Amino acid sequence: MVGAKIRYFRQMKGITQEQLAAGLCSIPYLSKIEHGLAQPSADLLEHLCKELGVTLDQVDNEERIEALSHKLLEWYSEMRIRDVEQAKNKMETLEKEFKSVENPELLTTYLLFKFRYFILIQELDKANTLLERIYVVQESLTPSLEYYYHYFLGLYYYQLKKYNEALDSYLKAEKLSKEMNQDNAEKAEFYYQKALVHGRLHQVTSSNSYAFKALSIFNKEYNFKRSAETEVLLGINFFRILNYDDAIVHFKHALKYAESFNDRRLKSTIFHNLGFVNSSQNKPDEALKHFKLSLQNITDTEVEEYSQTIYMIAKEYGQQDAYEKAQKWLKEGLRFATEKEVLDYIFHLKIYKHQLENNINDEFEELLKTEAIPYFSQKQMWSFVTNYGEVLADYYNDLSKHKNASYYYRLANDARKKLLN
Amino acid sequence: MNKLLKKLLVSLTVTSFILTVGLLVNDHERFPDSHERFPDSSPTNYLANDHERFPDSSISNT
């Protein structure tokens with residue numbers, strides 16, 4: 001026990017075994033102490049603890065450890081149901097209590113859950129700082145803590161839109177979860193997160209498989225907020241395989257839930273997606289009705305979402321040859337996206353403006369070649385690289401610039417391969 | 001020499017018999033139906049993709 005404590009605090013302080021052992025004992029002997037294979041003398045122990053700034057107590061009070069473990073699990077449950085208020089309050093209390101804790105496993109659990117907390121409240125810089133500290137003790141994690149580590153790392157990557165990395169982390173967590181006794185709430189949340197990342201990666205079959213598993217548990221556990229969100233994901237998946245009827249069924253299931261607890265954010269998402277399906281079904285009136293309902297329900301913080309719906313409205317009017325209306329919405333979209341610095345939609349809107357005004361000129365070429373395509377490539381947003389790569393290739397092809405056309409057709413083709421993995 | 005040749009011929013006949021039967025048996029396995037409808041077999045709407053709005057991953061419930 002005392003060995004694990006020495007190891008934990010040494011690693012946390014960024015000290016090597018060589019540095020700590022210097023003048024006190026040999027490196028192999030310190031290694032044995034850290035792994036519980038040697039019992040140091042009281043004198044050596046005192047020196048080691050003094051060097052690390054920890055107390056000599058071999059163990060923390062067992063009852064206290066149990067009480068704190070219980071509190072940590074409670075905190076995690078609050079985070080899992082995204083109860084930010086409760087989680088915030090608990091964080092403040094725990095922060096004080098953990099100042100006097102020296103139990104390595106408990107401290108590591110706290111560190112991991114704190115990492116999860118910063119993901120929850122979207123403070124990703126702080127999460128990143130913690131990640132560096134967790135990385136130091138990664139090798140000494142127990143299997144269940146290792147599960148949390150990979151799972152939370154997956155959530156972290158998802159927030160950064162690094163979906164391949166997120167999936168890799170979930171796969172590692174999934175392997176470890178087989179040895180664990182996960183409760184249903186944990187299983188369902190994990191399936192949901194995995195379904196989300198498969199969805200983002202356009203892996204519809206896998207996404208559906210996990211989404212249905214998650215949905216069945218959420219329904220049994222009366223977690224209707226997540227049931228609704230899972231229905232939205234299923235709707236997107238069915239839409240992506242052009243099964244519009246089933247997509248609408250799932251979105252409407254989700255809408256029933258969202259209306260029952262009047263969740264504006266969720267309603268806005270569902271209306272946007274319903275509009276998207278209607279647009280693909282060539283039902284412009286329905287599409288516009290749903291997009292506008294989405295805007296009515298949008299919350300102030302959803303700046304990217306607001307730009308996205310405006311972009312869809314402009315395109316919808318453009319497709320109906322309602323040129324002036326399309327221009328009006330484009331103008332509003334560009335004003336808003338520029339003011340809020342929503343770079344993705346500044347590009348989408350600018351490109352569409354050129355297309356709508358039929359300004360397929362040098363400026364359009366430059367926008368695609370030097371700004372939009374490199375930007376979306378760097379962000380690994382392959383569907384947009386495919387789309388805009390082909391637009392630029394067609395442009396060169398029309399000008400008989402076949403070498404350039406070939407280059408961008410190939411770029412679009414490579415992006416499509418990445419999309420299909 | 002004759003005996004050796006005989007042994008070789010017998011073993012070759014046995015081997016080819018086993019192989020033939022094996023091959024014949026193989027073709028009696030029952031393959032799964034080729035008429036299932038795979039969801040991924042329909043073309044995906046790539047160009048429209050990614051303007052969909054995904055549900056929340058880890059954002060406040062309130």
# chains A, B, ... in the order shown; residues from 1 in each chain; ligands from 1
call {"tool": "closest_atom_pairs", "arguments": {"of": "range 277-367 of chain A", "to": "range 54-59 of chain B", "cutoff": "12 Å", "atoms": "only C-alpha atoms", "output": "tab-separated table"}}
result
residue	atom	partner	partner_atom	distance
A:Thr301	CA	B:Ile59	CA	11.9
A:Glu302	CA	B:Asp56	CA	11.9
A:Glu305	CA	B:Phe54	CA	10.1
call {"tool": "write_last_selection", "arguments": {"atoms": "all heavy atoms", "output": "short mmCIF file (atom, residue, chain, number, x, y, z; two decimals), in the first residue's frame"}}
result
data_model
loop_
_atom_site.label_atom_id
_atom_site.label_comp_id
_atom_site.auth_asym_id
_atom_site.auth_seq_id
_atom_site.Cartn_x
_atom_site.Cartn_y
_atom_site.Cartn_z
N THR A 301 -27.30 29.91 -27.44
CA THR A 301 -25.93 29.38 -27.51
C THR A 301 -25.66 28.58 -28.77
O THR A 301 -24.51 28.28 -29.09
CB THR A 301 -25.64 28.47 -26.30
OG1 THR A 301 -26.68 27.49 -26.24
CG2 THR A 301 -25.59 29.26 -25.01
N GLU A 302 -26.71 28.23 -29.50
CA GLU A 302 -26.53 27.34 -30.66
C GLU A 302 -26.19 28.14 -31.93
O GLU A 302 -26.99 28.21 -32.85
CB GLU A 302 -27.79 26.50 -30.86
CG GLU A 302 -28.07 25.57 -29.70
CD GLU A 302 -29.38 24.83 -29.88
OE1 GLU A 302 -30.43 25.44 -29.64
OE2 GLU A 302 -29.34 23.66 -30.26
N GLU A 305 -25.63 25.84 -35.09
CA GLU A 305 -26.91 25.26 -35.50
C GLU A 305 -27.77 26.31 -36.22
O GLU A 305 -28.41 26.01 -37.22
CB GLU A 305 -27.66 24.73 -34.27
CG GLU A 305 -27.07 23.48 -33.66
CD GLU A 305 -25.90 23.74 -32.72
OE1 GLU A 305 -25.43 24.91 -32.64
OE2 GLU A 305 -25.44 22.79 -32.07
#
call {"tool": "interface_residues", "arguments": {"of": "chain A", "to": "chain B", "cutoff": "7 Å", "atoms": "only C-alpha atoms", "output": "ChimeraX atom specification"}}
result
/A:82-84,120-121,193,229,232-233,240-242,269,273,308,383,387
call {"tool": "residues_around", "arguments": {"residues": "Val137 in chain A", "least_positions_apart": "3", "cutoff": "8 Å", "atoms": "only C-alpha atoms", "output": "list in words"}}
result
Tyr8, Gln11, Met12, Thr108, Arg133, Ile134, Ser140 and Leu141 of chain A
call {"tool": "residues_around", "arguments": {"residues": "Thr109 in chain A", "least_positions_apart": "3", "cutoff": "9 Å", "atoms": "only C-alpha atoms", "output": "list of chain:residue names"}}
result
A:Ser69, A:Leu72, A:Pro104, A:Glu105, A:Leu106, A:Leu112, A:Phe113, A:Lys114, A:Leu145, A:Tyr148
call {"tool": "atom_distance", "arguments": {"atom1": "CA of Ala214 in chain A", "atom2": "CA of Ala258 in chain A"}}
result
17.9 Å
call {"tool": "residues_around", "arguments": {"residues": "Lys213 in chain A", "least_positions_apart": "2", "cutoff": "12 Å", "atoms": "only C-alpha atoms", "output": "JSON, numbers by chain"}}
result
{"A": [184, 185, 187, 188, 189, 190, 191, 192, 193, 194, 195, 206, 207, 208, 209, 210, 211, 215, 216, 217, 218, 219, 220, 227, 230, 231, 234]}
call {"tool": "residues_around", "arguments": {"residues": "Leu399 in chain A", "least_positions_apart": "5", "cutoff": "12 Å", "atoms": "only C-alpha atoms", "output": "PyMOL selection string"}}
result
chain A and resi 360-362+365+392-394+404-405
call {"tool": "select_by_dssp", "arguments": {"residues": "range 51-80 of chain A", "states": "helix (DSSP H, G or I)", "output": "PyMOL selection string"}}
result
chain A and resi 51-52+62-80
call {"tool": "residues_around", "arguments": {"residues": "Glu34 in chain A", "least_positions_apart": "5", "cutoff": "10 Å", "atoms": "only C-alpha atoms", "output": "list in words"}}
result
Met1, Val2, Gly3, Ala4, Lys5, Ile6, Arg7, Tyr8, Arg10, Gln17, Pro28, Tyr29, Gln39 and Pro40 of chain A
call {"tool": "atom_distance", "arguments": {"atom1": "CA of Glu51 in chain A", "atom2": "CA of Ser31 in chain A"}}
result
16.0 Å
